[in-house]
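J.: Here you go, this is start-v6.cif (mmCIF, C-alpha atoms).
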```cif
data_work
#
loop_
_atom_site.label_atom_id
_atom_site.label_comp_id
_atom_site.auth_asym_id
_atom_site.auth_seq_id
_atom_site.Cartn_x
_atom_site.Cartn_y
_atom_site.Cartn_z
CA MET A 239 -86.32 51.12 -42.54
CA PHE A 240 -86.58 53.26 -39.38
CA LYS A 241 -89.04 55.38 -37.50
CA ILE A 242 -88.48 58.98 -36.35
CA SER A 243 -91.63 59.37 -34.28
CA ALA A 244 -89.40 59.60 -31.19
CA GLN A 245 -86.09 61.40 -31.61
CA LYS A 246 -84.58 59.52 -28.68
CA LEU A 247 -84.83 56.17 -30.51
CA ALA A 248 -81.45 54.84 -31.62
CA TYR A 249 -80.84 54.91 -35.37
CA SER A 250 -80.60 51.42 -36.89
CA GLY A 251 -81.16 51.94 -40.61
CA ASN A 252 -78.87 52.09 -43.65
CA ALA A 253 -77.03 55.42 -43.35
CA ASP A 254 -76.25 55.77 -47.06
CA ALA A 255 -79.81 55.00 -48.15
CA SER A 256 -81.24 57.33 -45.51
CA PHE A 257 -78.89 60.11 -46.63
CA LEU A 258 -79.96 59.79 -50.28
CA ASN A 259 -83.60 59.83 -49.21
CA ALA A 260 -83.06 62.92 -47.04
CA ARG A 261 -81.25 64.69 -49.88
CA GLU A 262 -84.16 64.05 -52.25
CA ILE A 263 -86.62 65.32 -49.64
CA ALA A 264 -84.52 68.45 -49.05
CA PHE A 265 -84.32 69.23 -52.76
CA THR A 266 -88.10 69.04 -53.06
CA GLY A 267 -88.40 71.75 -50.41
CA ASN A 268 -89.24 69.70 -47.29
CA ARG A 269 -86.06 70.73 -45.51
CA ALA A 270 -87.40 70.45 -41.95
CA GLU A 271 -88.33 66.80 -42.59
CA ALA A 272 -84.94 66.19 -44.20
CA ARG A 273 -83.18 67.64 -41.14
CA ASP A 274 -84.99 65.17 -38.87
CA THR A 275 -83.52 62.31 -40.86
CA LEU A 276 -80.05 63.86 -41.08
CA ARG A 277 -79.86 64.49 -37.34
CA LEU A 278 -80.95 60.95 -36.67
CA ILE A 279 -78.16 59.60 -38.88
CA LEU A 280 -75.62 61.83 -37.12
CA SER A 281 -76.73 60.53 -33.73
CA LYS A 282 -74.99 57.27 -34.67
CA TYR A 283 -72.51 58.48 -37.28
CA PRO A 284 -71.36 61.96 -36.12
CA ASN A 285 -68.42 61.98 -38.54
CA TYR A 286 -70.49 61.36 -41.68
CA THR A 287 -69.31 64.50 -43.48
CA ASP A 288 -71.81 64.45 -46.37
CA VAL A 289 -74.71 64.17 -43.94
CA ARG A 290 -73.51 67.06 -41.75
CA THR A 291 -72.75 69.17 -44.82
CA LEU A 292 -76.26 68.71 -46.16
CA LEU A 293 -77.68 69.49 -42.73
CA ALA A 294 -75.67 72.73 -42.66
CA LYS A 295 -76.78 73.65 -46.17
CA THR A 296 -80.46 73.17 -45.35
CA TYR A 297 -80.05 75.58 -42.42
CA SER A 298 -78.34 78.06 -44.73
CA TRP A 299 -81.07 77.73 -47.38
CA ASP A 300 -83.65 78.56 -44.71
CA GLY A 301 -81.71 81.60 -43.50
CA ALA A 302 -80.58 79.98 -40.22
CA TYR A 303 -77.00 81.10 -40.81
CA ASP A 304 -75.83 80.72 -37.21
CA GLU A 305 -77.06 77.10 -37.06
CA ALA A 306 -75.39 76.40 -40.40
CA ARG A 307 -72.13 77.90 -39.10
CA LEU A 308 -72.12 75.55 -36.12
CA GLN A 309 -72.42 72.52 -38.40
CA PHE A 310 -69.78 73.75 -40.87
CA ASN A 311 -67.37 74.48 -38.01
CA LYS A 312 -67.71 70.92 -36.73
CA ILE A 313 -66.52 69.67 -40.11
CA THR A 314 -63.70 72.15 -40.81
CA SER A 315 -62.26 71.72 -37.32
CA SER A 316 -61.22 68.18 -38.29
CA ASP A 317 -61.47 67.93 -42.09
CA LYS A 318 -59.36 70.95 -43.01
CA ASN A 319 -58.81 70.11 -46.69
CA ASN A 320 -62.43 69.66 -47.76
CA LYS A 321 -62.84 72.38 -50.37
CA ASP A 322 -66.59 71.84 -50.87
CA VAL A 323 -67.25 72.40 -47.17
CA TRP A 324 -65.06 75.52 -47.01
CA VAL A 325 -66.84 76.96 -50.05
CA ALA A 326 -70.27 76.24 -48.57
CA ALA A 327 -69.25 77.70 -45.20
CA ILE A 328 -67.96 80.91 -46.79
CA LYS A 329 -71.07 81.25 -48.96
CA ASN A 330 -73.21 80.82 -45.83
CA GLU A 331 -71.55 83.91 -44.30
CA ILE A 332 -71.96 85.89 -47.52
CA TYR A 333 -75.65 84.95 -47.73
CA GLY A 334 -76.02 86.08 -44.11
CA LYS A 335 -74.19 89.35 -44.94
CA ASN A 336 -71.49 88.47 -42.40
CA TYR A 337 -68.82 89.64 -44.79
CA SER A 338 -66.03 90.09 -42.26
CA THR A 339 -66.54 86.53 -41.05
CA ALA A 340 -66.52 85.34 -44.67
CA ILE A 341 -63.13 87.01 -45.20
CA GLY A 342 -61.79 85.42 -42.03
CA LEU A 343 -63.01 81.97 -43.14
CA SER A 344 -61.46 82.52 -46.56
CA ASN A 345 -58.09 83.35 -45.02
CA LYS A 346 -58.31 80.25 -42.84
CA ALA A 347 -59.27 78.05 -45.80
CA LEU A 348 -56.33 79.38 -47.83
CA LEU A 349 -53.97 78.11 -45.15
CA TYR A 350 -54.90 74.58 -46.23
CA LEU A 351 -56.00 75.14 -49.84
CA LYS A 352 -53.12 77.22 -51.11
CA GLU A 353 -54.02 79.81 -53.76
CA ASP A 354 -57.37 78.15 -54.48
CA ILE A 355 -59.09 80.28 -57.13
CA THR A 356 -62.62 79.62 -55.86
CA ILE A 357 -61.76 80.59 -52.28
CA ILE A 358 -59.89 83.69 -53.45
CA GLY A 359 -62.91 84.67 -55.56
CA LEU A 360 -65.26 84.35 -52.57
CA LYS A 361 -62.88 86.41 -50.46
CA GLU A 362 -62.85 89.16 -53.08
CA GLU A 363 -66.65 89.04 -53.20
CA ALA A 364 -66.81 89.60 -49.44
CA ILE A 365 -64.26 92.43 -49.60
CA GLN A 366 -66.23 94.14 -52.36
CA ALA A 367 -69.41 93.77 -50.30
CA ILE A 368 -67.76 95.52 -47.33
CA GLU A 369 -66.48 98.28 -49.60
CA LYS A 370 -70.00 98.72 -51.00
CA LEU A 371 -71.42 99.01 -47.48
CA GLN A 372 -68.82 101.66 -46.73
CA ARG A 373 -69.78 103.56 -49.88
CA ILE A 374 -73.45 103.31 -48.96
CA ALA A 375 -72.66 104.62 -45.48
CA LEU A 376 -71.11 107.66 -47.11
CA SER A 377 -73.83 107.86 -49.80
CA VAL A 378 -71.41 107.39 -52.68
CA PRO A 379 -73.07 107.99 -56.06
CA GLU A 380 -73.14 104.73 -58.00
CA LEU A 381 -75.34 102.99 -60.57
CA ASP A 382 -77.39 101.24 -57.90
CA SER A 383 -77.81 104.26 -55.64
CA THR A 384 -81.61 104.05 -55.69
CA LYS A 385 -81.48 100.57 -54.20
CA ALA A 386 -78.86 101.66 -51.68
CA SER A 387 -81.10 104.43 -50.41
CA VAL A 388 -83.85 101.90 -49.77
CA LEU A 389 -81.60 99.40 -48.00
CA GLU A 390 -79.81 101.86 -45.72
CA PRO A 391 -81.23 104.62 -43.48
CA LYS A 392 -80.12 107.95 -44.93
CA ASN A 393 -79.84 110.00 -41.75
CA SER A 394 -78.97 109.55 -38.10
CA ILE A 395 -78.68 111.38 -34.79
CA ASP A 396 -75.76 110.64 -32.46
CA ILE A 397 -75.94 111.31 -28.72
CA SER A 398 -72.74 110.84 -26.75
CA GLY A 399 -71.37 111.39 -23.28
CA SER A 400 -68.17 110.73 -21.34
CA ILE A 401 -66.61 111.37 -17.95
CA ASP A 402 -62.94 111.54 -16.91
CA VAL A 403 -62.04 110.80 -13.29
CA PHE A 404 -58.54 111.59 -11.94
CA ASN A 405 -56.54 110.06 -9.13
CA LYS A 406 -55.23 113.47 -7.97
CA VAL A 407 -55.35 117.23 -8.48
CA TYR A 408 -58.26 117.47 -10.89
CA ASP A 409 -62.02 117.19 -10.42
CA PRO A 410 -64.02 115.02 -12.88
CA MET A 411 -64.51 116.36 -16.40
CA TYR A 412 -67.68 115.86 -18.46
CA LEU A 413 -68.30 116.00 -22.18
CA THR A 414 -71.57 115.50 -24.06
CA SER A 415 -72.50 116.07 -27.68
CA ILE A 416 -75.32 115.70 -30.16
CA SER A 417 -74.90 115.51 -33.92
CA TYR A 418 -77.04 115.01 -37.00
CA THR A 419 -75.80 113.08 -40.03
CA LEU A 420 -77.33 114.08 -43.36
CA LYS A 421 -76.36 111.79 -46.23
CA THR A 422 -76.46 113.19 -49.74
CA LYS A 423 -75.32 111.89 -53.11
CA TYR A 424 -72.19 114.02 -52.69
CA GLY A 425 -71.29 112.69 -49.22
CA SER A 426 -72.23 113.15 -45.58
CA ILE A 427 -72.62 116.41 -43.66
CA ILE A 428 -72.55 116.26 -39.85
CA PRO A 429 -73.28 119.36 -37.72
CA ARG A 430 -72.49 118.85 -34.03
CA ILE A 431 -72.83 120.66 -30.69
CA ASN A 432 -70.39 119.81 -27.89
CA TYR A 433 -70.90 120.72 -24.24
CA ALA A 434 -68.12 120.36 -21.66
CA ASN A 435 -67.71 121.03 -17.96
CA ARG A 436 -64.11 121.23 -16.81
CA PHE A 437 -62.80 122.76 -13.57
CA ASN A 438 -66.23 124.16 -12.72
CA THR A 439 -66.25 125.91 -16.09
CA SER A 440 -68.81 125.10 -18.76
CA GLY A 441 -68.70 125.80 -22.46
CA ILE A 442 -70.21 124.98 -25.84
CA GLN A 443 -68.47 124.27 -29.12
CA TYR A 444 -70.15 124.20 -32.55
CA GLU A 445 -68.71 121.93 -35.23
CA VAL A 446 -69.49 120.62 -38.67
CA ASP A 447 -67.88 117.64 -40.43
CA ALA A 448 -68.16 116.87 -44.13
CA TYR A 449 -67.15 113.79 -46.12
CA PRO A 450 -67.26 114.76 -49.82
CA GLN A 451 -66.88 111.78 -52.14
CA PHE A 452 -64.84 112.15 -55.32
CA SER A 453 -64.97 108.57 -56.60
CA LYS A 454 -65.37 105.02 -55.37
CA LYS A 455 -61.70 105.11 -54.33
CA ALA A 456 -61.25 108.61 -52.91
CA TYR A 457 -63.06 110.79 -50.42
CA MET A 458 -62.23 113.66 -48.06
CA TYR A 459 -62.76 114.65 -44.44
CA ALA A 460 -63.25 118.33 -43.63
CA ASN A 461 -64.00 119.93 -40.25
CA TYR A 462 -64.60 123.36 -38.76
CA GLY A 463 -65.37 124.21 -35.14
CA PHE A 464 -65.97 127.44 -33.23
CA SER A 465 -66.37 128.33 -29.57
CA GLU A 466 -66.38 131.44 -27.40
CA ALA A 467 -65.70 129.31 -24.31
CA GLY A 468 -62.18 129.27 -22.89
CA ILE A 469 -62.24 125.51 -22.40
CA PHE A 470 -62.31 124.95 -26.18
CA PRO A 471 -60.10 126.30 -28.98
CA LYS A 472 -61.73 129.39 -30.46
CA HIS A 473 -61.35 127.95 -33.96
CA ARG A 474 -60.46 124.49 -35.13
CA ALA A 475 -60.28 123.12 -38.65
CA GLY A 476 -59.11 120.01 -40.39
CA ALA A 477 -58.87 118.41 -43.81
CA GLU A 478 -57.74 114.97 -44.92
CA LEU A 479 -57.79 113.03 -48.19
CA TYR A 480 -58.45 109.27 -48.06
CA VAL A 481 -57.65 106.85 -50.88
CA ASN A 482 -58.69 103.18 -51.01
CA LEU A 483 -55.96 100.91 -52.37
CA PRO A 484 -56.06 97.29 -53.58
CA LYS A 485 -55.81 94.45 -51.06
CA ALA A 486 -58.27 96.18 -48.67
CA MET A 487 -55.84 98.98 -47.76
CA GLU A 488 -56.48 102.69 -47.18
CA VAL A 489 -54.12 105.65 -46.82
CA SER A 490 -54.69 109.30 -45.96
CA LEU A 491 -52.87 112.60 -45.60
CA GLY A 492 -54.14 115.70 -43.84
CA ALA A 493 -53.71 118.55 -41.37
CA ARG A 494 -55.39 120.10 -38.33
CA TYR A 495 -55.48 123.73 -37.18
CA LEU A 496 -56.19 124.93 -33.63
CA ASN A 497 -56.55 128.59 -32.71
CA PHE A 498 -56.00 129.39 -29.02
CA ILE A 499 -55.95 132.74 -27.26
CA THR A 500 -52.15 132.93 -27.28
CA SER A 501 -51.12 130.80 -30.24
CA ASP A 502 -51.98 129.04 -33.48
CA VAL A 503 -51.12 125.36 -33.74
CA TYR A 504 -50.72 123.35 -36.95
CA ILE A 505 -50.73 119.56 -36.81
CA TYR A 506 -49.89 117.30 -39.74
CA THR A 507 -51.16 113.75 -39.85
CA ALA A 508 -51.51 110.68 -42.04
CA SER A 509 -52.90 107.20 -41.67
CA PHE A 510 -52.53 103.68 -42.98
CA GLY A 511 -55.41 101.22 -42.63
CA LEU A 512 -55.59 97.53 -43.47
CA TYR A 513 -58.46 95.02 -43.46
CA SER A 514 -57.27 91.47 -42.75
CA GLY A 515 -60.06 88.94 -42.47
CA ASN A 516 -62.55 90.32 -39.99
CA TYR A 517 -59.89 92.58 -38.44
CA PHE A 518 -59.04 96.21 -39.17
CA PHE A 519 -55.74 97.86 -38.20
CA SER A 520 -54.87 101.55 -38.45
CA LEU A 521 -51.69 103.50 -37.71
CA ARG A 522 -51.82 107.31 -37.42
CA PRO A 523 -48.89 109.65 -36.60
CA TYR A 524 -49.19 113.36 -35.66
CA ILE A 525 -46.40 115.89 -36.22
CA THR A 526 -46.72 119.23 -34.41
CA PRO A 527 -44.12 121.97 -35.14
CA SER A 528 -43.13 124.22 -32.23
CA GLU A 529 -40.80 127.14 -31.58
CA GLY A 530 -37.12 126.84 -32.38
CA ASN A 531 -37.60 124.68 -35.49
CA SER A 532 -38.47 121.69 -33.29
CA PHE A 533 -41.52 119.48 -33.38
CA SER A 534 -43.27 116.79 -31.38
CA VAL A 535 -44.29 113.41 -32.74
CA SER A 536 -47.21 111.40 -31.40
CA GLY A 537 -49.70 108.92 -32.71
CA ASN A 538 -52.07 106.06 -32.13
CA ILE A 539 -52.68 102.48 -33.18
CA LEU A 540 -56.20 101.15 -33.62
CA ALA A 541 -57.22 97.49 -33.87
CA ARG A 542 -60.78 96.28 -34.41
CA LYS A 543 -62.44 92.91 -34.81
CA TYR A 544 -65.68 93.04 -36.76
CA LEU A 545 -68.41 90.64 -35.79
CA LYS A 546 -71.46 89.94 -37.96
CA ASP A 547 -71.06 93.18 -39.99
CA ASN A 548 -69.24 96.50 -40.01
CA TYR A 549 -71.66 97.97 -37.44
CA ASN A 550 -70.76 95.38 -34.79
CA TYR A 551 -67.20 95.28 -33.49
CA TRP A 552 -64.88 95.58 -30.55
CA GLY A 553 -61.54 97.35 -30.59
CA ALA A 554 -58.58 98.84 -28.78
CA ASN A 555 -56.81 102.15 -29.39
CA PHE A 556 -53.40 102.99 -27.93
CA SER A 557 -52.14 106.58 -28.12
CA TYR A 558 -48.81 108.14 -27.24
CA GLY A 559 -48.50 111.90 -26.91
CA TYR A 560 -51.04 114.37 -28.23
CA THR A 561 -54.25 113.27 -29.97
CA SER A 562 -56.89 115.49 -31.54
CA ASP A 563 -59.17 115.05 -28.49
CA ILE A 564 -58.33 118.30 -26.67
CA LYS A 565 -58.82 118.10 -22.89
CA GLN A 566 -58.05 121.35 -21.17
CA PHE A 567 -55.99 121.63 -17.98
CA LYS A 568 -55.04 124.44 -15.60
CA SER A 569 -51.91 125.88 -14.07
CA GLY A 570 -53.20 128.11 -11.31
CA THR A 571 -56.07 130.02 -12.89
CA THR A 572 -54.78 129.78 -16.45
CA LEU A 573 -56.17 127.26 -18.92
CA LEU A 574 -53.35 125.54 -20.74
CA ALA A 575 -55.00 123.72 -23.61
CA GLU A 576 -52.06 124.15 -25.95
CA THR A 577 -49.58 122.71 -23.44
CA LEU A 578 -51.19 119.29 -23.99
CA LEU A 579 -49.61 119.24 -27.41
CA TYR A 580 -46.21 118.75 -25.81
CA LEU A 581 -46.88 116.86 -22.57
CA GLU A 582 -45.96 113.20 -22.25
CA THR A 583 -49.11 111.09 -22.43
CA GLN A 584 -50.05 107.45 -22.85
CA GLN A 585 -53.65 106.36 -23.33
CA LEU A 586 -55.42 103.04 -23.86
CA ASN A 587 -59.09 102.97 -24.88
CA LEU A 588 -61.34 99.95 -25.39
CA GLU A 589 -64.53 100.10 -27.45
CA TYR A 590 -67.50 97.86 -28.19
CA GLN A 591 -70.24 98.71 -30.67
CA PHE A 592 -73.34 96.63 -31.32
CA THR A 593 -76.74 96.80 -33.00
CA PHE A 594 -80.11 95.73 -31.66
CA ARG A 595 -82.31 92.92 -32.91
CA ASN A 596 -84.73 94.18 -35.59
CA ASN A 597 -83.40 97.70 -35.03
CA PRO A 598 -80.76 99.57 -37.11
CA ASN A 599 -79.64 101.75 -34.18
CA THR A 600 -76.17 101.25 -32.69
CA LEU A 601 -74.70 101.69 -29.22
CA LYS A 602 -70.98 102.17 -28.75
CA THR A 603 -69.44 101.91 -25.28
CA MET A 604 -65.92 103.06 -24.39
CA ALA A 605 -63.61 102.69 -21.41
CA GLY A 606 -60.03 103.86 -21.09
CA VAL A 607 -57.11 104.83 -18.90
CA THR A 608 -54.69 107.74 -19.35
CA ARG A 609 -51.27 108.43 -17.84
CA GLN A 610 -50.31 112.07 -18.35
CA GLU A 611 -47.66 114.51 -17.21
CA LEU A 612 -48.77 117.37 -14.96
CA SER A 613 -48.40 120.71 -16.79
CA PHE A 614 -47.19 122.51 -13.65
CA ASP A 615 -44.89 119.69 -12.41
CA PRO A 616 -42.85 118.18 -15.27
CA GLY A 617 -41.89 114.59 -14.57
CA SER A 618 -44.91 113.94 -12.35
CA PHE A 619 -47.93 112.11 -13.67
CA PHE A 620 -51.60 111.55 -12.91
CA ILE A 621 -53.84 108.64 -13.85
CA ALA A 622 -57.31 109.18 -15.31
CA GLY A 623 -60.11 106.74 -16.08
CA THR A 624 -62.63 107.43 -18.84
CA VAL A 625 -66.02 105.87 -19.60
CA GLY A 626 -68.41 106.95 -22.34
CA PHE A 627 -71.00 106.01 -24.92
CA ILE A 628 -72.35 106.96 -28.34
CA TYR A 629 -75.93 106.06 -29.22
CA GLN A 630 -76.88 106.40 -32.88
CA VAL A 631 -80.50 106.59 -33.99
CA LYS A 632 -80.92 105.86 -37.72
CA PHE A 633 -83.91 106.90 -39.81
#
```
Would you mind giving the structure from this file in C-alpha cells?
T.:
Amino acid sequence: MFKISAQKLAYSGNADASFLNAREIAFTGNRAEARDTLRLILSKYPNYTDVRTLLAKTYSWDGAYDEARLQFNKITSSDKNNKDVWVAAIKNEIYGKNYSTAIGLSNKALLYLKEDITIIGLKEEAIQAIEKLQRIALSVPELDSTKASVLEPKNSIDISGSIDVFNKVYDPMYLTSISYTLKTKYGSIIPRINYANRFNTSGIQYEVDAYPQFSKKAYMYANYGFSEAGIFPKHRAGAELYVNLPKAMEVSLGARYLNFITSDVYIYTASFGLYSGNYFFSLRPYITPSEGNSFSVSGNILARKYLKDNYNYWGANFSYGYTSDIKQFKSGTTLLAETLLYLETQQLNLEYQFTFRNNPNTLKTMAGVTRQELSFDPGSFFIAGTVGFIYQVKF
C-alpha cells in the first residue's frame, strides 16, 4: 500500500488497485479524497486514461467545470478516438451551461468519430439550449415561461458612449445613449434616447425598438425614431422579419426608412446567420435606390466567437459602403447626412463583451477604424478611429 500524507512522496503502489479503490471512494461521495489518490497515481503514470478520466469526472460532479475541462483536454489531445472521454467532456460543458463550447467540442469529436449518434445528440442538446436562452432573452411564451422568468432578469438598462476621431478636416464626434429594455410575454420593448455632438452642434433623438415574437421560430424587429435636431434624420423607421431554420441557421428580410429635410430614403436589407460550434457568422446586404433608376449596394460581415455562454464573446464586423449607423458630415455649412448613403466607405470594428463574476451585468467594448470618401472632394479619403462601450445593468 502507499501513504498520501505528503503529496511530494513518489507513488510506489499498484496503480490498478489504487484506481479501483479511488473509484469506490468517489462513488460513495468522498470525491476530494478520491482525487488525492488519482493525482498521486498520475504523478507516476500521467497517461493512465481511466485515472485521468475519473479525476475529470469528479471535478465535473462537484461543479468545477474548468478543472474538469483541463483534464479532459489532456486526454483528447492525444487519444482522439476515445468516445467515452469525448462524451464526458461534452457533458461537462453542458452541465456548466457552456453550450457554445459544447457545440465546438462536438464538432471536433465528429472529425474523429464520424456520424456518431451519441455525439450528434449531445450537439443538438447544446444547440437547443442556446436557442432556449435566445427565446428567454426575448421573453418568448413557452410552457416553462414561469421558470424562465425566475432564471433570467426580465429588464435591463443600457448606457453607451462612443467617440470618433479623424485624421483631417473634422473635429471629434460624440454619441451617447440610454435605453430601457422591458421584456413581456409578447416580446421586448426598448425605448431609447440618443445624444450626439457633431461639428459643435448637439442634438437628441428619441427611438423605440420592439421585438414581437410570433412563434419559437419567427420574430420581428420594428423601430421608430424622431428628432428635431439637424444632425439626425427627422424620422426613421424599420421593420424586419427573422426566421430560425434547422441546422442553427437564421434568415431575415426587412426595410429601413429615413426622412431628411430634402429627401426620403428607402433601404432594403436581408441577413443570413449561421451558428457553427461556438462561432456565429452573419452576412447582411443593403440596397438603396437613388435617382435615375440606379441604386447602391453595401453590406457587412459579422463574425463572433462565443466563450462560456452567449453573453460572453468577441467579434469583428467589416462593412463596405453605407450602414444604418448614420454619422452626419458637412459641406460648408450644410449637413449632408443623406450623402453618406452613396459615399465610398470601408469600416472594421472589433468588439468584446463579458459578464462579471456573480453579477449578470455585461460590458461591451468596441474599437474600429473607418476609411471614408470626403463629401466635398470625391476621390479623397479620411481615416477615423472609433472607441466605445455599452454597459448593461440587468434586474
J.: For the structure provided, state which residues fall under the PyMOL selection byres ((chain A and resi 527) around 12), and present them as a ChimeraX atom specification.
T.: /A:493-495,502-507,524-526,528-536,579-580
J.: Let me make sure I understand: among A:Tyr513, A:Ala456, A:Ile368, A:Thr603, which one has the smallest atom-to-atom distance to A:Trp552 if we use all atoms listed in the file?
T.: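 Among A:Tyr513, A:Ala456, A:Ile368, A:Thr603, it is A:Thr603 that comes nearest to A:Trp552.
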J.: Would you mind listing what lies within 7 Å of A:Ile427 as a list of chain:residue names, with all atoms listed in the file counted and same-chain residues fewer than 5 positions away left out?
T.: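 Close residues of A:Ile427: A:Thr419, A:Leu420, A:Lys421, A:Asp447, A:Ala448, A:Tyr449.
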J.: Quick one: distance from atom CA of A:Tyr558 to atom CA of A:Asn587 in Å, one decimal?
T.: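 Separation between atom CA of A:Tyr558 and atom CA of A:Asn587: 11.7 Å.
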J.: Mind giving me the axis-aligned box for stretch 333-340 of chain A with 5 Å on every side, centre plus edges in Å to one decimal, as lines of an AutoDock Vina configuration file?
T.:
```
center_x = -71.0
center_y = 87.5
center_z = -44.4
size_x = 20.0
size_y = 15.1
size_z = 16.7
```
J.: Expand the PyMOL selection byres ((chain A and resi 590-602) around 7) into the individual residues it matches in the shown file, reporting them as a ChimeraX atom specification.
T.: /A:549-553,589,603-604,627-632
J.: One decimal, in Å: what's the spacing between atom CA of A:Ala486 and atom CA of A:Ala364?
T.: 10.8 Å
J.: Once the PyMOL selection byres ((chain A and resi 610) around 6) has been applied to the shown file, what residues remain in the selection, as a list of chain:residue names?
T.: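 Selected by the PyMOL selection byres ((chain A and resi 610) around 6) here: A:Glu582, A:Thr583, A:Arg609, A:Glu611, A:Phe619, A:Phe620.
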J.: Those same residues, written as a PDB file, keeping the file's coordinate frame with C-alpha atoms?
T.:
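Saved result, part_37.pdb, follows:
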```pdb
ATOM      1  CA  GLU A 582     -45.960 113.200 -22.250  1.00  0.00           C
ATOM      2  CA  THR A 583     -49.110 111.090 -22.430  1.00  0.00           C
ATOM      3  CA  ARG A 609     -51.270 108.430 -17.840  1.00  0.00           C
ATOM      4  CA  GLU A 611     -47.660 114.510 -17.210  1.00  0.00           C
ATOM      5  CA  PHE A 619     -47.930 112.110 -13.670  1.00  0.00           C
ATOM      6  CA  PHE A 620     -51.600 111.550 -12.910  1.00  0.00           C
TER       7      PHE A 620
END
```
J.: Write out as a tab-separated table (two decimals) with C-alpha atoms, keeping the file's coordinate frame the residues lying within 7 Å of A:Phe437, counting all atoms listed in the file and excluding same-chain residues fewer than 2 positions away.
T.:
```
chain	number	residue	atom	x	y	z
A	409	ASP	CA	-62.02	117.19	-10.42
A	435	ASN	CA	-67.71	121.03	-17.96
A	439	THR	CA	-66.25	125.91	-16.09
```
J.: Can you pull out the residues contacting stretch 315-332 of chain A? Cut-off 10 Å, using only C-alpha atoms, and skip same-chain residues under 6 positions away; I want them as a PyMOL selection string.
T.: chain A and resi 285+287-288+290-292+294-295+297-299+301-304+306-309+338-344+346-351+354+356-357+360-361+363-364+367+546
J.: Using Å and a single decimal, report how far atom CA of A:Phe519 sits from atom CA of A:Lys543.
T.: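 If I compute the distance from atom CA of A:Lys543 to atom CA of A:Phe519, I get 9.0 Å.
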J.: Under the rule that only C-alpha atoms are counted, which of A:Gly476, A:Gly463, A:Gly267, A:Gly623 is the nearest residue to A:Ile431?
T.: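 For A:Ile431, the nearest of the given residues is A:Gly463.
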J.: Please identify all polymer residues within 8 Å of stretch 399-403 of chain A, counting all atoms listed in the file, omitting same-chain residues fewer than 6 positions from it, and present them as a CSV table (one decimal) with C-alpha atoms, keeping the file's coordinate frame.
T.:
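And here's around32.csv as it stands now:
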```
chain,number,residue,atom,x,y,z
A,409,ASP,CA,-62.0,117.2,-10.4
A,410,PRO,CA,-64.0,115.0,-12.9
A,411,MET,CA,-64.5,116.4,-16.4
A,412,TYR,CA,-67.7,115.9,-18.5
A,413,LEU,CA,-68.3,116.0,-22.2
A,414,THR,CA,-71.6,115.5,-24.1
A,415,SER,CA,-72.5,116.1,-27.7
A,622,ALA,CA,-57.3,109.2,-15.3
A,623,GLY,CA,-60.1,106.7,-16.1
A,624,THR,CA,-62.6,107.4,-18.8
A,625,VAL,CA,-66.0,105.9,-19.6
A,626,GLY,CA,-68.4,107.0,-22.3
A,627,PHE,CA,-71.0,106.0,-24.9
A,628,ILE,CA,-72.4,107.0,-28.3
```
J.: Excluding A:Ile428 and residues on its chain fewer than 5 positions from it, collect all residues at most 12 Å away from it, counting only C-alpha atoms, and give them as number ranges by chain.
T.: A: 376, 393-396, 416-422, 444-450, 459-463
J.: Which one is closest to A:Asn345: A:Gly425, A:Gly617, A:Gly515, A:Pro471? Count only C-alpha atoms.
T.: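 Closest to A:Asn345 of all the choices is A:Gly515.
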J.: Which residue, A:Phe257, A:Ile365, A:Leu588, A:Arg277, has the smallest gap to A:Asn336 when you use all atoms listed in the file?
T.: A:Ile365
J.: Can I get stretch 470-481 of chain A with N, CA and C atoms filled in, as a PDB file, in the coordinates of the input?
T.:
```pdb
ATOM      1  N   PHE A 470     -62.458 125.488 -24.825  1.00  0.00           N
ATOM      2  CA  PHE A 470     -62.310 124.950 -26.180  1.00  0.00           C
ATOM      3  C   PHE A 470     -61.408 125.883 -26.981  1.00  0.00           C
ATOM      4  N   PRO A 471     -60.752 125.383 -28.036  1.00  0.00           N
ATOM      5  CA  PRO A 471     -60.100 126.300 -28.980  1.00  0.00           C
ATOM      6  C   PRO A 471     -61.153 127.218 -29.592  1.00  0.00           C
ATOM      7  N   LYS A 472     -60.770 128.471 -29.862  1.00  0.00           N
ATOM      8  CA  LYS A 472     -61.730 129.390 -30.460  1.00  0.00           C
ATOM      9  C   LYS A 472     -62.111 128.913 -31.858  1.00  0.00           C
ATOM     10  N   HIS A 473     -61.118 128.506 -32.629  1.00  0.00           N
ATOM     11  CA  HIS A 473     -61.350 127.950 -33.960  1.00  0.00           C
ATOM     12  C   HIS A 473     -60.593 126.627 -34.078  1.00  0.00           C
ATOM     13  N   ARG A 474     -61.179 125.701 -34.767  1.00  0.00           N
ATOM     14  CA  ARG A 474     -60.460 124.490 -35.130  1.00  0.00           C
ATOM     15  C   ARG A 474     -60.896 124.081 -36.522  1.00  0.00           C
ATOM     16  N   ALA A 475     -59.972 123.531 -37.275  1.00  0.00           N
ATOM     17  CA  ALA A 475     -60.280 123.120 -38.650  1.00  0.00           C
ATOM     18  C   ALA A 475     -59.411 121.925 -39.001  1.00  0.00           C
ATOM     19  N   GLY A 476     -59.881 121.163 -39.954  1.00  0.00           N
ATOM     20  CA  GLY A 476     -59.110 120.010 -40.390  1.00  0.00           C
ATOM     21  C   GLY A 476     -59.516 119.589 -41.781  1.00  0.00           C
ATOM     22  N   ALA A 477     -58.599 118.949 -42.477  1.00  0.00           N
ATOM     23  CA  ALA A 477     -58.870 118.410 -43.810  1.00  0.00           C
ATOM     24  C   ALA A 477     -57.978 117.205 -44.021  1.00  0.00           C
ATOM     25  N   GLU A 478     -58.525 116.196 -44.688  1.00  0.00           N
ATOM     26  CA  GLU A 478     -57.740 114.970 -44.920  1.00  0.00           C
ATOM     27  C   GLU A 478     -58.312 114.247 -46.139  1.00  0.00           C
ATOM     28  N   LEU A 479     -57.411 113.779 -46.992  1.00  0.00           N
ATOM     29  CA  LEU A 479     -57.790 113.030 -48.190  1.00  0.00           C
ATOM     30  C   LEU A 479     -57.530 111.556 -47.954  1.00  0.00           C
ATOM     31  N   TYR A 480     -58.553 110.720 -48.218  1.00  0.00           N
ATOM     32  CA  TYR A 480     -58.450 109.270 -48.060  1.00  0.00           C
ATOM     33  C   TYR A 480     -58.516 108.610 -49.435  1.00  0.00           C
ATOM     34  N   VAL A 481     -57.680 107.599 -49.626  1.00  0.00           N
ATOM     35  CA  VAL A 481     -57.650 106.850 -50.880  1.00  0.00           C
ATOM     36  C   VAL A 481     -57.675 105.365 -50.558  1.00  0.00           C
TER      37      VAL A 481
END
```
